[in-house]
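Novice: Just one file: start38.txt, with compact mmCIF, C-alpha atoms and all ligand atoms.
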# COMPACT_ATOMS: atom_id res chain seq x y z
CA MET A 501 85.26 135.93 110.39
CA THR A 502 86.73 134.37 107.26
CA ASP A 503 84.78 131.82 105.26
CA PHE A 504 86.63 128.52 105.46
CA LYS A 505 84.84 127.34 102.33
CA GLU A 506 86.74 130.01 100.41
CA THR A 507 90.06 130.02 102.27
CA GLY A 508 90.28 126.37 103.30
CA VAL A 509 91.29 127.57 106.77
CA VAL A 510 88.92 127.67 109.69
CA ASP A 511 89.30 130.41 112.31
CA LEU A 512 88.62 130.44 116.04
CA LYS A 513 85.45 132.54 115.78
CA THR A 514 83.94 129.98 113.45
CA LEU A 515 84.85 127.17 115.84
CA VAL A 516 83.19 129.05 118.70
CA LYS A 517 80.08 129.55 116.59
CA MET A 518 79.98 125.84 115.76
CA GLY A 519 80.14 124.89 119.45
CA TYR A 520 83.62 123.44 119.30
CA VAL A 521 85.19 125.66 121.98
CA PRO A 522 84.52 124.86 125.65
CA SER A 523 83.87 127.51 128.30
CA ASP A 524 86.84 129.05 130.10
CA VAL A 525 85.79 127.19 133.24
CA ARG A 526 85.92 123.83 131.42
CA LEU A 527 89.18 124.72 129.68
CA HIS A 528 90.85 125.41 133.00
CA ARG A 529 89.51 122.23 134.62
CA GLY A 530 91.66 119.87 132.56
CA PRO A 531 92.52 118.61 129.07
CA VAL A 532 89.67 118.70 126.57
CA ALA A 533 89.16 117.94 122.89
CA ILE A 534 88.85 120.69 120.32
CA TYR A 535 87.17 119.44 117.16
CA GLU A 536 87.84 121.38 113.97
CA CYS A 537 85.64 119.25 111.73
CA VAL A 538 83.64 121.89 109.94
CA GLU A 539 82.36 120.15 106.82
CA GLU A 540 79.26 117.95 106.86
CA ILE A 541 80.97 114.76 105.77
CA PRO A 542 79.86 111.12 106.00
CA CYS A 543 82.19 110.07 108.81
CA ASP A 544 81.59 108.99 112.37
CA VAL A 545 84.91 107.52 113.41
CA CYS A 546 85.10 109.90 116.36
CA VAL A 547 81.65 108.88 117.59
CA PHE A 548 82.49 105.19 117.95
CA SER A 549 86.13 105.79 118.94
CA CYS A 550 85.46 107.84 122.06
CA PRO A 551 85.69 105.61 125.16
CA PHE A 552 83.61 108.11 127.15
CA ASN A 553 80.69 108.61 124.75
CA ALA A 554 81.51 112.29 124.57
CA VAL A 555 80.92 112.64 120.81
CA SER A 556 77.64 112.22 118.98
CA LYS A 557 75.89 112.81 115.68
CA ASN A 558 72.20 112.58 114.91
CA LYS A 559 72.99 111.56 111.39
CA MET A 560 76.20 110.54 109.65
CA THR A 561 76.69 113.83 107.79
CA ASP A 562 76.15 116.11 110.79
CA ILE A 563 79.19 117.78 112.26
CA PRO A 564 80.19 116.08 115.53
CA LYS A 565 78.76 117.34 118.80
CA VAL A 566 81.19 117.18 121.71
CA ASP A 567 79.99 116.92 125.29
CA PHE A 568 82.76 118.76 127.12
CA GLU A 569 81.56 117.45 130.47
CA ARG A 570 82.06 113.86 129.35
CA CYS A 571 85.32 114.50 127.47
CA THR A 572 88.35 113.64 129.58
CA GLY A 573 90.88 114.87 127.05
CA CYS A 574 92.20 111.31 126.72
CA GLY A 575 93.27 111.99 123.14
CA VAL A 576 92.08 108.71 121.59
CA CYS A 577 90.13 110.59 118.92
CA VAL A 578 93.21 112.56 117.88
CA GLY A 579 94.86 109.42 116.52
CA ARG A 580 91.66 107.98 115.04
CA CYS A 581 90.25 110.93 113.07
CA PRO A 582 91.02 110.36 109.37
CA GLY A 583 90.64 114.09 108.75
CA LEU A 584 93.34 115.09 111.27
CA ALA A 585 90.69 117.44 112.62
CA VAL A 586 90.90 116.78 116.35
CA PHE A 587 93.20 118.28 118.96
CA VAL A 588 93.40 118.23 122.74
CA VAL A 589 94.36 121.34 124.68
CA ASP A 590 95.34 121.58 128.33
CA VAL A 591 95.67 124.91 130.10
CA SER A 592 95.01 123.46 133.55
CA ARG A 593 98.67 122.94 134.40
CA GLU A 594 100.44 125.30 136.79
CA GLY A 595 102.89 127.75 135.26
CA ASP A 596 103.01 129.39 131.87
CA GLU A 597 102.99 126.28 129.69
CA GLY A 598 99.95 124.65 128.17
CA TYR A 599 99.82 121.43 126.17
CA VAL A 600 98.48 120.81 122.69
CA THR A 601 98.05 117.24 121.46
CA LEU A 602 97.90 117.00 117.69
CA PRO A 603 98.13 114.53 114.81
CA HIS A 604 101.50 114.59 113.04
CA GLU A 605 101.78 113.10 109.55
CA LEU A 606 105.37 113.85 108.63
CA LEU A 607 108.13 111.29 109.09
CA PRO A 608 110.34 110.80 110.92
CA PRO A 609 108.08 111.38 113.92
CA PRO A 610 109.26 113.82 116.58
CA SER A 611 110.81 112.52 119.79
CA GLN A 612 110.29 113.55 123.39
CA GLY A 613 112.38 116.63 124.13
CA ASP A 614 112.61 117.85 120.53
CA ALA A 615 112.44 121.60 120.07
CA VAL A 616 109.81 122.54 117.51
CA VAL A 617 108.46 125.52 115.66
CA VAL A 618 104.73 125.65 116.27
CA LEU A 619 102.43 126.53 113.40
CA ASP A 620 98.98 128.07 113.31
CA ARG A 621 96.01 126.96 111.18
CA GLU A 622 97.40 128.77 108.16
CA GLY A 623 100.82 127.17 108.54
CA GLY A 624 102.37 130.40 109.83
CA GLU A 625 104.98 130.31 112.57
CA ALA A 626 103.37 131.08 115.93
CA GLY A 627 106.36 130.49 118.19
CA THR A 628 108.37 127.61 119.57
CA GLY A 629 107.55 124.60 121.71
CA ARG A 630 108.87 121.34 123.10
CA VAL A 631 107.71 117.79 122.49
CA VAL A 632 106.60 116.20 125.77
CA LYS A 633 105.13 112.98 124.40
CA THR A 634 104.71 111.17 121.12
CA TYR A 635 103.05 107.85 120.36
CA ARG A 636 101.45 105.84 117.63
CA ASP A 637 97.76 105.04 117.77
CA ARG A 638 97.44 101.27 118.18
CA LEU A 639 94.67 100.92 115.59
CA THR A 640 95.44 103.49 112.90
CA GLY A 641 99.21 103.75 113.30
CA SER A 642 98.89 107.54 113.20
CA TRP A 643 101.43 109.54 115.15
CA VAL A 644 100.10 111.71 117.95
CA THR A 645 102.30 114.32 119.58
CA THR A 646 101.89 116.51 122.62
CA VAL A 647 103.79 119.80 122.64
CA ALA A 648 104.30 122.30 125.44
CA VAL A 649 103.69 125.87 124.33
CA PRO A 650 102.95 129.19 126.01
CA LYS A 651 99.40 128.97 127.36
CA ASN A 652 98.20 131.83 125.22
CA LEU A 653 98.97 129.79 122.08
CA VAL A 654 97.05 126.59 122.78
CA MET A 655 94.00 127.63 120.78
CA ASN A 656 96.13 128.58 117.77
CA VAL A 657 98.87 125.93 117.52
CA ARG A 658 97.75 123.14 115.20
CA ALA A 659 100.98 121.74 113.69
CA ILE A 660 104.70 121.51 114.40
CA ARG A 661 108.01 121.52 112.58
CA VAL A 662 110.95 119.88 114.32
CA ILE A 663 113.99 122.17 114.56
CA LYS A 664 116.31 120.30 116.91
CA ARG A 665 116.84 116.65 117.86
S1 LIG B 701 89.61 113.35 123.92
FE1 LIG B 701 88.94 111.29 124.61
S2 LIG B 701 87.10 111.70 125.81
FE2 LIG B 701 87.47 113.55 124.60
S3 LIG B 701 86.24 113.29 122.74
FE3 LIG B 701 88.29 112.49 122.30
S4 LIG B 701 88.20 110.30 122.72
FE4 LIG B 701 86.42 111.26 123.72
S1 LIG B 702 86.42 111.34 112.77
FE1 LIG B 702 87.30 113.34 112.29
S2 LIG B 702 86.69 113.76 110.16
FE2 LIG B 702 85.36 112.09 110.93
S3 LIG B 702 83.55 113.21 111.71
FE3 LIG B 702 84.94 112.89 113.45
S4 LIG B 702 86.15 114.78 113.58
FE4 LIG B 702 85.18 114.72 111.53
Would you mind writing the structure in this file as structure tokens?
Specialist:
Amino acid sequence: MTDFKETGVVDLKTLVKMGYVPSDVRLHRGPVAIYECVEEIPCDVCVFSCPFNAVSKNKMTDIPKVDFERCTGCGVCVGRCPGLAVFVVDVSREGDEGYVTLPHELLPPPSQGDAVVVLDREGGEAGTGRVVKTYRDRLTGSWVTTVAVPKNLVMNVRAIRVIKR
């Protein structure tokens, strides 16, 4: 396990340890949020943004606690989080493709059908994917994009680079 305080990059084992990774059973039931908010910062946007009361904090500087049974994977928090620290993964679909919904800061925004290179938490190329949906959050204006990727990549893909329009 690498120390994200030294590298600036969080790894999956750390996320598991922090309670941010749902059980396999929950993962396969439907889309669900993966929070990667690992610093104790004074922010609770996710808590009051979630329409299903699936996110909580005892105090402002706690890390968020996600109730995976309440989370519907709606994705609202992805476009609201100022830290770009929330993702939604979906491995419940039939076939080999899973979906990752992620915040995307770079302009121009991707379009449905775009081919993309998918990047891991360190910015390394993890493979290729396809944009299935993109929209702008109605409150923050942030772009949110859903990409189809091989199912085995959904817990690693956290950014995209458009390669074909
Ligand atoms: S994906 Fe939707 S239901 Fe789940 S934590 Fe985010 S806002 Fe709440
Ligand atoms: S809104 Fe984002 S940065 Fe703020 S506490 Fe929630 S997950 Fe962390």
Novice: Within 6 Å of ligand LIG 701 (chain B), which residues of chain A show up? Give each one with its shortest atom-to-atom distance in Å (one decimal) and the two atoms involved, counting all atoms listed in the file, rows by chain then rising residue number, as a Markdown table.
Specialist:
| residue | atom | partner | partner_atom | distance |
| --- | --- | --- | --- | --- |
| A:Val532 | CA | B:LIG701 | FE2 | 5.9 |
| A:Ala533 | CA | B:LIG701 | S1 | 4.7 |
| A:Cys550 | CA | B:LIG701 | S4 | 3.7 |
| A:Pro551 | CA | B:LIG701 | S4 | 5.9 |
| A:Phe552 | CA | B:LIG701 | S2 | 5.2 |
| A:Ala554 | CA | B:LIG701 | FE4 | 5.1 |
| A:Val555 | CA | B:LIG701 | S3 | 5.7 |
| A:Cys571 | CA | B:LIG701 | FE2 | 3.7 |
| A:Thr572 | CA | B:LIG701 | S2 | 4.4 |
| A:Gly573 | CA | B:LIG701 | S1 | 3.7 |
| A:Cys574 | CA | B:LIG701 | FE1 | 3.9 |
| A:Gly575 | CA | B:LIG701 | S1 | 4.0 |
| A:Val576 | CA | B:LIG701 | S4 | 4.3 |
| A:Cys577 | CA | B:LIG701 | S4 | 4.3 |
Novice: So which residues are near ligand LIG 702 (chain B), meaning at most 9 Å away with all atoms listed in the file counted, given back as JSON, numbers by chain?
Specialist: {"A": [535, 536, 537, 538, 539, 540, 541, 542, 543, 544, 545, 546, 547, 548, 549, 555, 557, 560, 561, 562, 563, 564, 577, 578, 580, 581, 582, 583, 584, 585, 586]}
Novice: Nearest to A:Val510 among A:Asp524, A:Glu569, A:Asp620, A:Asp637, with distances taken over all atoms listed in the file: which residue is it?
Specialist: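 Smallest separation from A:Val510 among the options: A:Asp620.
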Novice: In Å, with one decimal, what is the gap from atom CA of A:Trp643 to atom CA of A:Pro522?
Specialist: 25.1 Å
Novice: So, with all atoms listed in the file as the atoms that count, which of A:His528, A:Arg621, A:Arg661, A:Met655 lies closest to A:Thr507?
Specialist: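 Counting all atoms listed in the file, the residue closest to A:Thr507 is A:Arg621.
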Novice: Which of these, A:Ile534, A:Thr628, A:Val647, A:Val591, has the shortest distance to A:Leu512 once you count only C-alpha atoms?
Specialist: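 Comparing A:Ile534, A:Thr628, A:Val647, A:Val591 against A:Leu512, the winner is A:Ile534.
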Novice: Report the distance between atom CA of A:Asn652 and atom CA of A:Pro609 in Å, rounded to one decimal place.
Specialist: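 That distance, rounded to one decimal, is 25.4 Å.
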Novice: Smallest atom-to-atom distance to A:Pro650: which of A:Lys565, A:Gly629, A:Arg526, A:Val617, using all atoms listed in the file?
Specialist: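 Distance minimum relative to A:Pro650 lands on A:Gly629.
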Novice: Counting all atoms listed in the file, I want the residues whose atoms come within 12 Å of (101.2, 127.4, 107.9) in the file frame, returned as a list in words.
Specialist: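 Output: Gly508, Val509, Val617, Val618, Leu619, Asp620, Arg621, Glu622, Gly623, Gly624, Glu625, Ala626, Gly627, Asn656, Val657, Arg658, Ala659, Ile660 and Arg661 of chain A.
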Novice: Could you state the separation of atom CA of A:Gly579 and atom CA of A:Tyr599 in Å, given to one decimal place?
Specialist: 16.2 Å
